[in-house]
Structures are given as C-alpha cells and as structure tokens.
Amino acid sequence: MQYRTLGRTGVQVSSLALGAMNFGRIGRTGQDEATALVDAALEAGINLIDTADVYSAGESEEMVGKAIAGRRDDIVLATKAALPMGDGHNHRGGSRRWLVTALEDSLRRLGVDHVDLYQIHRWDPATSDEETLSALTDLQRAGKIRYFGSSTFPAHRIVQAQWAAREHHLGRYVTEQPSYSVLQRGIEADVLPVCQEYGLGVLVWSPLASGWLSGAVRRDREITTHRSTFMPQRFDLTVPANRARLDAVERLVTVAAEAGLTMIQLALGFVTAHPAVTSALIGPRTPDHLRAQLAAADTVLPADVLDAVDTIVAPGTDLAAHEKSDTPPALLDSSLRRR
C-alpha cells in the first residue's frame with residue numbers, strides 16, 4: 001500500500017480508501033459483511049474509511065461504527081453531511097442549524113466523539129460560504145472534527161470558499177472529493193488544478209465508473225452489475241453516451257491486457273497516477289470485490305499505458321457529462337438563467 005499526505009494537513013493516508021456507501025440497504029450488505037470488509041481493508045494497509053449520513057439513511061455510519069469499535073485511533077475516519085436526511089425542510093444543506101445537528105447524529109451513529117474529516121456533501125446554493133465555514137470552524141474548535149472538506153464542488157465554488165475563509169478569518173476546506181475515472185475526466189480541466197493551487201487533498205469517488213471499468217461490462221454480454229439494477233439509465237445502450245462508454249471500455253480492455261493488468265488495476269492506477277489525487281475511494285460489496293480492488297494497491301502505470309488511455313479518452317473529457325454531480329444550478333433550471 002502506498003501512503004500520501006492529505007493536502008497540507010500532515011496526515012498520512014493510504015492511496016486506496018474504503019468507501020462505505022454500499023454498507024446497508026444500498027449495497028445489501030449486512031453488519032457481518034461490513035465488518036469483514038473493514039477487517040480485510042485494514043489488514044491490507046487501508047487507513048482511511050469514508051461514509052456519509054445519507055448512505056442508507058444513517059445505516060452505513062452505524063455499521064462503520066460497529067466495525068471500527070476498539071481501533072478508532074488506527075483509522076482516519078471521514079463522513080459527510082448536507083444532502084437531505086428525511087423530508088424536513090431544514091434537515092439538509094450547509095446551515096449552522098443543520099450541520100450542528102447532523103454532526104451530533106453522525107457521532108452518535110458512529111459511536112465516536114470526533115471525526116477526522118467532515119465533508120460538505122454538495123455545495124448548497126441557499127447558504128453563504130461564511131455561514132457554513134463559520135459553523136465548521138466552531139465544530140473544529142470544539143474538538144468534534146479535526147478537519148473539514150468539500151465534496152463534488154465546482155471549481156469556482158472551491159475558489160470562492162477559499163477566499164471566503166481568508167476574508168472572514170475562518171478555517172478552510174482542506175480536501176475535495178470529486179468524481180473521477182478514465183471515463184469521466186472533466187475535473188482535469190479545472191477542479192484538479194484548483195485543488196493543486198490551494199493545496200487541497202483529493203479523495204476521488206467512483207474510480208470504476210459505477211462498474212463500467214470493473215471488467216464486468218463488455219460488448220455482447222448482459223450487464224448484470226449491482227449498479228445496473230437500480231441505475232438502469234446509466235447502462236441503457238440506446239443512449240449515445242453509454243454506447244461511447246462501451247466503445248471506450250472495449251479499447252481499454254486491450255490496453256490493460258497488453259500491459260498485463262486487470263481492468264480494475266488500469267482504472268485505479270490511472271486515477272492515482274494524477275499528482276493532484278491523494279486517494280481513490282473503493283466501494284466493495286463483497287470480499288471478492290475487495291480483493292480484486294486491493295490488487296491495484298501498488299499499481300503504477302508506465303507512461304506508454306497512460307498515453308494509450310489518453311488516445312481513447314482525451315484529457316479533460318467527460319463521456320457522460322449529463323451525469324456530473326457538480327453542474328451549476330443555472331444549467332439545470334432555466335429560471336436561473338433568464339431575466
């Protein structure tokens with residue numbers, strides 16, 4: 001396992017991190033399975049575990065808490081807040097009112113007195129940066145969080161938050177957690193350079209592109225991945241973007257085979273090769289999934305393989321731009337771009 005410094009914090013984290021989104025109802029993973037995954041990940045050298053309050057409505061946090069009981073100090077523990085938790089109008093977002101409550105709920109579910117990294121799951125257009133950063137700074141000073149970060153923020157919002165922290169003399173985001181894979185490279189054009197400029201650690205999610213890069217998705221083969229059962233639109237081959245992804249996957253399979261790599265090794269080796277990336281979040285549902293992904297822990301792609309990937313998916317290109325989670329609101333709501 002490789003270890004890297006998380007931004008400018010001085011904290012050393014593994015280049016592969018365990019994402020716990022599949023713990024609970026989302027991944028149909030029970031407590032025994034979740035604990036076994038945590039055990040195997042820690043034994044392999046992973047020391048960063050990432051979850052969120054919204055994953056299976058808190059169930060993931062509860063499972064992580066039980067799985068790490070008795071070894072909290074060996075783990076860099078991260079969770080997130082801001083996405084809706086129930087139907088309440090104020091049970092979401094980046095307000096002080098909600099973040100204080102959400103963190104207390106997360107600490108209770110995790111069974112800990114602090115988290116190492118508390119992340120704002122999505123930018124909240126309704127809340128000022130000053131409001132959110134002020135609340136996070138106070139929670140940090142109270143000892144309930146060690147650091148705080150953002151997740152899936154557009155590049156301009158990352159910059160704005162850094163300036164707001166400086167202007168109001170508040171703590172700043174020290175990490176960003178964006179989506180990044182061979183098939184979704186858009187953040188190379190803006191988010192990753194901004195993170196490098198401000199010294200943010202980068203924890204990338206969906207490096208296997210929802211299973212497209214797992215080796216299980218191939219032409220003339222029925223798609224039966226777990227994600228395809230509840231996100232069928234992302235695998236519908238009548239959609240041009242999905243056909244483009246499949247074409248890219250078939251070419252990437254050849255590149256991986258010629259390099260003596262599995263598709264998973266190629267995919268994870270690609271994202272961890274970028275100098276801005278600290279860790280890639282893997283989200284196994286089964287021990288077999290975890291073993292296949294851990295095989296990429298020491299994968300270092302040579303220049304010729306990286307060059308070959310560039311010829312298939314150009315740098316800075318998203319093959320499924322409509323799936324991006326950091327699209328500015330005005331592009332989604334016409335009322336925001338018309339007088």
# chains A, B, ... in the order shown; residues from 1 in each chain; ligands from 1

call {"tool": "select_by_dssp", "arguments": {"residues": "range 178-218 of chain A", "states": "helix (DSSP H, G or I)", "output": "NGL selection string"}}
result
:A and (186-188 or 191-198 or 209-211)

call {"tool": "residues_around", "arguments": {"residues": "Arg227 in chain A", "least_positions_apart": "4", "cutoff": "9 Å", "atoms": "only C-alpha atoms", "output": "PDB file with all heavy atoms, in the first residue's frame"}}
result
ATOM      1  N   GLY A  27     -26.237  -1.317  -0.708  1.00  0.00           N
ATOM      2  CA  GLY A  27     -25.447  -2.419  -1.266  1.00  0.00           C
ATOM      3  C   GLY A  27     -25.883  -3.794  -0.805  1.00  0.00           C
ATOM      4  O   GLY A  27     -25.229  -4.786  -1.123  1.00  0.00           O
ATOM      5  N   SER A 210     -18.990   3.451 -11.713  1.00  0.00           N
ATOM      6  CA  SER A 210     -20.222   2.700 -11.416  1.00  0.00           C
ATOM      7  C   SER A 210     -20.201   1.286 -11.988  1.00  0.00           C
ATOM      8  O   SER A 210     -21.246   0.712 -12.295  1.00  0.00           O
ATOM      9  CB  SER A 210     -21.458   3.452 -11.938  1.00  0.00           C
ATOM     10  OG  SER A 210     -21.586   4.706 -11.302  1.00  0.00           O
ATOM     11  N   GLY A 211     -19.006   0.710 -12.127  1.00  0.00           N
ATOM     12  CA  GLY A 211     -18.877  -0.661 -12.609  1.00  0.00           C
ATOM     13  C   GLY A 211     -18.489  -0.784 -14.069  1.00  0.00           C
ATOM     14  O   GLY A 211     -18.129  -1.874 -14.524  1.00  0.00           O
ATOM     15  N   MET A 231     -29.792   1.700 -11.288  1.00  0.00           N
ATOM     16  CA  MET A 231     -29.475   2.861 -12.115  1.00  0.00           C
ATOM     17  C   MET A 231     -29.461   2.426 -13.577  1.00  0.00           C
ATOM     18  O   MET A 231     -28.470   2.590 -14.281  1.00  0.00           O
ATOM     19  CB  MET A 231     -28.125   3.455 -11.711  1.00  0.00           C
ATOM     20  CG  MET A 231     -28.016   3.845 -10.253  1.00  0.00           C
ATOM     21  SD  MET A 231     -26.332   4.294  -9.771  1.00  0.00           S
ATOM     22  CE  MET A 231     -26.173   5.880 -10.556  1.00  0.00           C
ATOM     23  N   PRO A 232     -30.556   1.830 -14.054  1.00  0.00           N
ATOM     24  CA  PRO A 232     -30.547   1.251 -15.403  1.00  0.00           C
ATOM     25  C   PRO A 232     -30.252   2.253 -16.507  1.00  0.00           C
ATOM     26  O   PRO A 232     -29.691   1.898 -17.543  1.00  0.00           O
ATOM     27  CB  PRO A 232     -31.954   0.656 -15.536  1.00  0.00           C
ATOM     28  CG  PRO A 232     -32.787   1.406 -14.548  1.00  0.00           C
ATOM     29  CD  PRO A 232     -31.876   1.705 -13.401  1.00  0.00           C
ATOM     30  N   ARG A 234     -28.075   4.443 -16.658  1.00  0.00           N
ATOM     31  CA  ARG A 234     -26.637   4.625 -16.878  1.00  0.00           C
ATOM     32  C   ARG A 234     -26.023   3.482 -17.688  1.00  0.00           C
ATOM     33  O   ARG A 234     -24.856   3.538 -18.049  1.00  0.00           O
ATOM     34  CB  ARG A 234     -25.909   4.753 -15.539  1.00  0.00           C
ATOM     35  CG  ARG A 234     -26.273   6.008 -14.780  1.00  0.00           C
ATOM     36  CD  ARG A 234     -25.259   6.355 -13.736  1.00  0.00           C
ATOM     37  NE  ARG A 234     -25.572   7.631 -13.092  1.00  0.00           N
ATOM     38  CZ  ARG A 234     -24.754   8.280 -12.281  1.00  0.00           C
ATOM     39  NH1 ARG A 234     -23.566   7.760 -12.000  1.00  0.00           N
ATOM     40  NH2 ARG A 234     -25.109   9.426 -11.744  1.00  0.00           N
ATOM     41  N   PHE A 235     -26.812   2.462 -17.963  1.00  0.00           N
ATOM     42  CA  PHE A 235     -26.312   1.313 -18.716  1.00  0.00           C
ATOM     43  C   PHE A 235     -27.176   1.011 -19.938  1.00  0.00           C
ATOM     44  O   PHE A 235     -26.967   0.001 -20.593  1.00  0.00           O
ATOM     45  CB  PHE A 235     -26.237   0.088 -17.800  1.00  0.00           C
ATOM     46  CG  PHE A 235     -25.291   0.259 -16.648  1.00  0.00           C
ATOM     47  CD1 PHE A 235     -25.707   0.851 -15.456  1.00  0.00           C
ATOM     48  CD2 PHE A 235     -23.964  -0.143 -16.749  1.00  0.00           C
ATOM     49  CE1 PHE A 235     -24.821   1.033 -14.394  1.00  0.00           C
ATOM     50  CE2 PHE A 235     -23.079   0.021 -15.699  1.00  0.00           C
ATOM     51  CZ  PHE A 235     -23.505   0.617 -14.519  1.00  0.00           C
TER      52      PHE A 235
END

call {"tool": "closest_residue", "arguments": {"among": "A:Val54, A:Ala155, A:Ala296, A:Val313", "to": "Gln184 in chain A", "atoms": "only C-alpha atoms"}}
result
A:Val313

call {"tool": "residues_around", "arguments": {"residues": "Leu117 in chain A", "least_positions_apart": "3", "cutoff": "7 Å", "atoms": "only C-alpha atoms", "output": "list of chain:residue names"}}
result
A:Leu77, A:Ala78, A:Thr79, A:Ile145, A:Arg146, A:Tyr147, A:Phe148, A:Gly149

call {"tool": "atom_distance", "arguments": {"atom1": "CA of Leu139 in chain A", "atom2": "CA of Phe153 in chain A"}}
result
21.1 Å

call {"tool": "closest_residue", "arguments": {"among": "A:Pro154, A:Gly93, A:Gly283, A:Pro315", "to": "Ala209 in chain A", "atoms": "only C-alpha atoms"}}
result
A:Gly283

call {"tool": "closest_residue", "arguments": {"among": "A:Arg285, A:Leu18, A:Lys144, A:Leu306", "to": "Thr225 in chain A", "atoms": "only C-alpha atoms"}}
result
A:Arg285

call {"tool": "closest_residue", "arguments": {"among": "A:Thr35, A:Val202, A:Arg122, A:Val191", "to": "Pro329 in chain A", "atoms": "only C-alpha atoms"}}
result
A:Arg122

call {"tool": "closest_residue", "arguments": {"among": "A:Glu43, A:Asp116, A:Asp32, A:Glu197", "to": "Lys66 in chain A", "atoms": "only C-alpha atoms"}}
result
A:Asp32

call {"tool": "residues_around", "arguments": {"residues": "Pro328 in chain A", "least_positions_apart": "5", "cutoff": "10 Å", "atoms": "only C-alpha atoms", "output": "number ranges by chain"}}
result
A: 123, 125, 153-154, 156-157, 333

call {"tool": "write_last_selection", "arguments": {"atoms": "N, CA, C and O atoms", "output": "PDB file, in the first residue's frame"}}
result
ATOM      1  N   TRP A 123     -22.329  21.398  -2.633  1.00  0.00           N
ATOM      2  CA  TRP A 123     -22.464  22.826  -2.428  1.00  0.00           C
ATOM      3  C   TRP A 123     -23.932  23.193  -2.285  1.00  0.00           C
ATOM      4  O   TRP A 123     -24.778  22.716  -3.043  1.00  0.00           O
ATOM      5  N   PRO A 125     -26.442  26.125  -2.628  1.00  0.00           N
ATOM      6  CA  PRO A 125     -26.597  27.489  -3.156  1.00  0.00           C
ATOM      7  C   PRO A 125     -27.378  28.411  -2.231  1.00  0.00           C
ATOM      8  O   PRO A 125     -27.274  29.636  -2.348  1.00  0.00           O
ATOM      9  N   PHE A 153     -17.720  19.815  -5.425  1.00  0.00           N
ATOM     10  CA  PHE A 153     -17.905  21.245  -5.641  1.00  0.00           C
ATOM     11  C   PHE A 153     -17.381  21.618  -7.028  1.00  0.00           C
ATOM     12  O   PHE A 153     -16.320  21.139  -7.439  1.00  0.00           O
ATOM     13  N   PRO A 154     -18.075  22.487  -7.759  1.00  0.00           N
ATOM     14  CA  PRO A 154     -17.492  23.038  -8.988  1.00  0.00           C
ATOM     15  C   PRO A 154     -16.227  23.828  -8.643  1.00  0.00           C
ATOM     16  O   PRO A 154     -16.088  24.346  -7.521  1.00  0.00           O
ATOM     17  N   HIS A 156     -15.191  26.789  -9.383  1.00  0.00           N
ATOM     18  CA  HIS A 156     -15.341  28.185  -8.946  1.00  0.00           C
ATOM     19  C   HIS A 156     -15.837  28.269  -7.510  1.00  0.00           C
ATOM     20  O   HIS A 156     -15.509  29.221  -6.790  1.00  0.00           O
ATOM     21  N   ARG A 157     -16.597  27.250  -7.050  1.00  0.00           N
ATOM     22  CA  ARG A 157     -17.046  27.266  -5.655  1.00  0.00           C
ATOM     23  C   ARG A 157     -15.923  26.895  -4.703  1.00  0.00           C
ATOM     24  O   ARG A 157     -15.878  27.369  -3.566  1.00  0.00           O
ATOM     25  N   ASP A 333     -31.774  24.580 -14.321  1.00  0.00           N
ATOM     26  CA  ASP A 333     -33.040  25.276 -14.073  1.00  0.00           C
ATOM     27  C   ASP A 333     -33.074  26.537 -14.928  1.00  0.00           C
ATOM     28  O   ASP A 333     -32.323  27.489 -14.677  1.00  0.00           O
TER      29      ASP A 333
END

call {"tool": "residues_around", "arguments": {"residues": "range 164-167 of chain A", "least_positions_apart": "2", "cutoff": "10 Å", "atoms": "only C-alpha atoms", "output": "PDB file with N, CA, C and O atoms, in the first residue's frame"}}
result
ATOM      1  N   SER A 128     -24.625  30.816   2.515  1.00  0.00           N
ATOM      2  CA  SER A 128     -23.375  31.506   2.222  1.00  0.00           C
ATOM      3  C   SER A 128     -22.179  30.677   2.682  1.00  0.00           C
ATOM      4  O   SER A 128     -22.269  29.878   3.620  1.00  0.00           O
ATOM      5  N   ASP A 129     -21.049  30.877   2.028  1.00  0.00           N
ATOM      6  CA  ASP A 129     -19.819  30.215   2.460  1.00  0.00           C
ATOM      7  C   ASP A 129     -19.477  30.608   3.892  1.00  0.00           C
ATOM      8  O   ASP A 129     -19.009  29.781   4.681  1.00  0.00           O
ATOM      9  N   GLU A 130     -19.679  31.875   4.240  1.00  0.00           N
ATOM     10  CA  GLU A 130     -19.361  32.339   5.588  1.00  0.00           C
ATOM     11  C   GLU A 130     -20.159  31.567   6.638  1.00  0.00           C
ATOM     12  O   GLU A 130     -19.623  31.163   7.676  1.00  0.00           O
ATOM     13  N   GLU A 131     -21.445  31.355   6.389  1.00  0.00           N
ATOM     14  CA  GLU A 131     -22.286  30.610   7.322  1.00  0.00           C
ATOM     15  C   GLU A 131     -21.768  29.194   7.534  1.00  0.00           C
ATOM     16  O   GLU A 131     -21.605  28.731   8.674  1.00  0.00           O
ATOM     17  N   LEU A 133     -18.745  27.834   6.707  1.00  0.00           N
ATOM     18  CA  LEU A 133     -17.375  27.771   7.227  1.00  0.00           C
ATOM     19  C   LEU A 133     -17.313  28.189   8.689  1.00  0.00           C
ATOM     20  O   LEU A 133     -16.513  27.651   9.469  1.00  0.00           O
ATOM     21  N   SER A 134     -18.143  29.134   9.084  1.00  0.00           N
ATOM     22  CA  SER A 134     -18.184  29.554  10.484  1.00  0.00           C
ATOM     23  C   SER A 134     -18.629  28.405  11.379  1.00  0.00           C
ATOM     24  O   SER A 134     -18.045  28.153  12.441  1.00  0.00           O
ATOM     25  N   THR A 137     -15.863  25.781  11.467  1.00  0.00           N
ATOM     26  CA  THR A 137     -14.736  26.251  12.284  1.00  0.00           C
ATOM     27  C   THR A 137     -15.035  26.082  13.769  1.00  0.00           C
ATOM     28  O   THR A 137     -14.180  25.646  14.556  1.00  0.00           O
ATOM     29  N   ILE A 158     -15.002  26.045  -5.152  1.00  0.00           N
ATOM     30  CA  ILE A 158     -13.820  25.736  -4.333  1.00  0.00           C
ATOM     31  C   ILE A 158     -13.011  27.005  -4.115  1.00  0.00           C
ATOM     32  O   ILE A 158     -12.586  27.321  -2.989  1.00  0.00           O
ATOM     33  N   VAL A 159     -12.802  27.761  -5.185  1.00  0.00           N
ATOM     34  CA  VAL A 159     -12.051  29.016  -5.092  1.00  0.00           C
ATOM     35  C   VAL A 159     -12.779  30.008  -4.195  1.00  0.00           C
ATOM     36  O   VAL A 159     -12.178  30.634  -3.309  1.00  0.00           O
ATOM     37  N   GLN A 160     -14.086  30.168  -4.403  1.00  0.00           N
ATOM     38  CA  GLN A 160     -14.850  31.118  -3.617  1.00  0.00           C
ATOM     39  C   GLN A 160     -14.791  30.788  -2.128  1.00  0.00           C
ATOM     40  O   GLN A 160     -14.676  31.691  -1.280  1.00  0.00           O
ATOM     41  N   ALA A 161     -14.862  29.501  -1.794  1.00  0.00           N
ATOM     42  CA  ALA A 161     -14.802  29.106  -0.381  1.00  0.00           C
ATOM     43  C   ALA A 161     -13.443  29.413   0.226  1.00  0.00           C
ATOM     44  O   ALA A 161     -13.343  29.791   1.403  1.00  0.00           O
ATOM     45  N   GLN A 162     -12.383  29.241  -0.553  1.00  0.00           N
ATOM     46  CA  GLN A 162     -11.051  29.575  -0.050  1.00  0.00           C
ATOM     47  C   GLN A 162     -10.941  31.073   0.234  1.00  0.00           C
ATOM     48  O   GLN A 162     -10.386  31.494   1.254  1.00  0.00           O
ATOM     49  N   HIS A 169     -11.563  35.191   8.111  1.00  0.00           N
ATOM     50  CA  HIS A 169     -10.657  34.613   9.110  1.00  0.00           C
ATOM     51  C   HIS A 169     -11.229  33.333   9.729  1.00  0.00           C
ATOM     52  O   HIS A 169     -11.279  33.167  10.949  1.00  0.00           O
ATOM     53  N   LEU A 170     -11.665  32.430   8.837  1.00  0.00           N
ATOM     54  CA  LEU A 170     -12.257  31.169   9.261  1.00  0.00           C
ATOM     55  C   LEU A 170     -11.391  30.011   8.795  1.00  0.00           C
ATOM     56  O   LEU A 170     -10.514  30.170   7.937  1.00  0.00           O
ATOM     57  N   GLY A 171     -11.648  28.831   9.367  1.00  0.00           N
ATOM     58  CA  GLY A 171     -10.983  27.643   8.864  1.00  0.00           C
ATOM     59  C   GLY A 171     -11.389  27.396   7.422  1.00  0.00           C
ATOM     60  O   GLY A 171     -12.446  27.857   6.974  1.00  0.00           O
ATOM     61  N   ARG A 172     -10.559  26.667   6.687  1.00  0.00           N
ATOM     62  CA  ARG A 172     -10.832  26.452   5.269  1.00  0.00           C
ATOM     63  C   ARG A 172     -10.984  24.972   4.958  1.00  0.00           C
ATOM     64  O   ARG A 172     -10.549  24.112   5.722  1.00  0.00           O
ATOM     65  N   TYR A 173     -11.626  24.700   3.823  1.00  0.00           N
ATOM     66  CA  TYR A 173     -11.681  23.329   3.344  1.00  0.00           C
ATOM     67  C   TYR A 173     -10.257  22.874   3.015  1.00  0.00           C
ATOM     68  O   TYR A 173      -9.515  23.579   2.326  1.00  0.00           O
TER      69      TYR A 173
END

call {"tool": "residues_around", "arguments": {"residues": "Trp98 in chain A", "least_positions_apart": "2", "cutoff": "12 Å", "atoms": "only C-alpha atoms", "output": "PyMOL selection string"}}
result
chain A and resi 81-85+88-96+100-105+120+127+131-132+135-136

call {"tool": "write_last_selection", "arguments": {"atoms": "C-alpha atoms", "output": "compact mmCIF listing (two decimals), in the first residue's frame"}}
result
# COMPACT_ATOMS: atom_id res chain seq x y z
CA ALA A 81 -23.45 15.96 5.54
CA ALA A 82 -25.69 18.35 3.54
CA LEU A 83 -27.79 16.02 1.39
CA PRO A 84 -31.42 15.60 2.54
CA MET A 85 -32.00 13.44 5.62
CA GLY A 88 -37.87 18.19 6.75
CA HIS A 89 -37.12 21.48 5.01
CA ASN A 90 -34.17 22.18 7.33
CA HIS A 91 -32.81 18.62 7.52
CA ARG A 92 -30.33 19.33 4.75
CA GLY A 93 -27.92 21.92 3.44
CA GLY A 94 -24.97 23.83 4.87
CA SER A 95 -26.61 25.99 7.54
CA ARG A 96 -25.21 26.15 11.05
CA VAL A 100 -24.53 21.07 14.26
CA THR A 101 -27.45 18.64 14.45
CA ALA A 102 -26.18 16.46 11.60
CA LEU A 103 -22.74 16.08 13.15
CA GLU A 104 -24.16 15.11 16.54
CA ASP A 105 -26.31 12.49 14.81
CA ILE A 120 -19.97 19.08 2.86
CA THR A 127 -26.29 29.08 2.20
CA GLU A 131 -22.29 30.61 7.32
CA THR A 132 -21.05 27.11 6.54
CA ALA A 135 -20.16 26.55 11.73
CA LEU A 136 -17.44 24.12 10.66
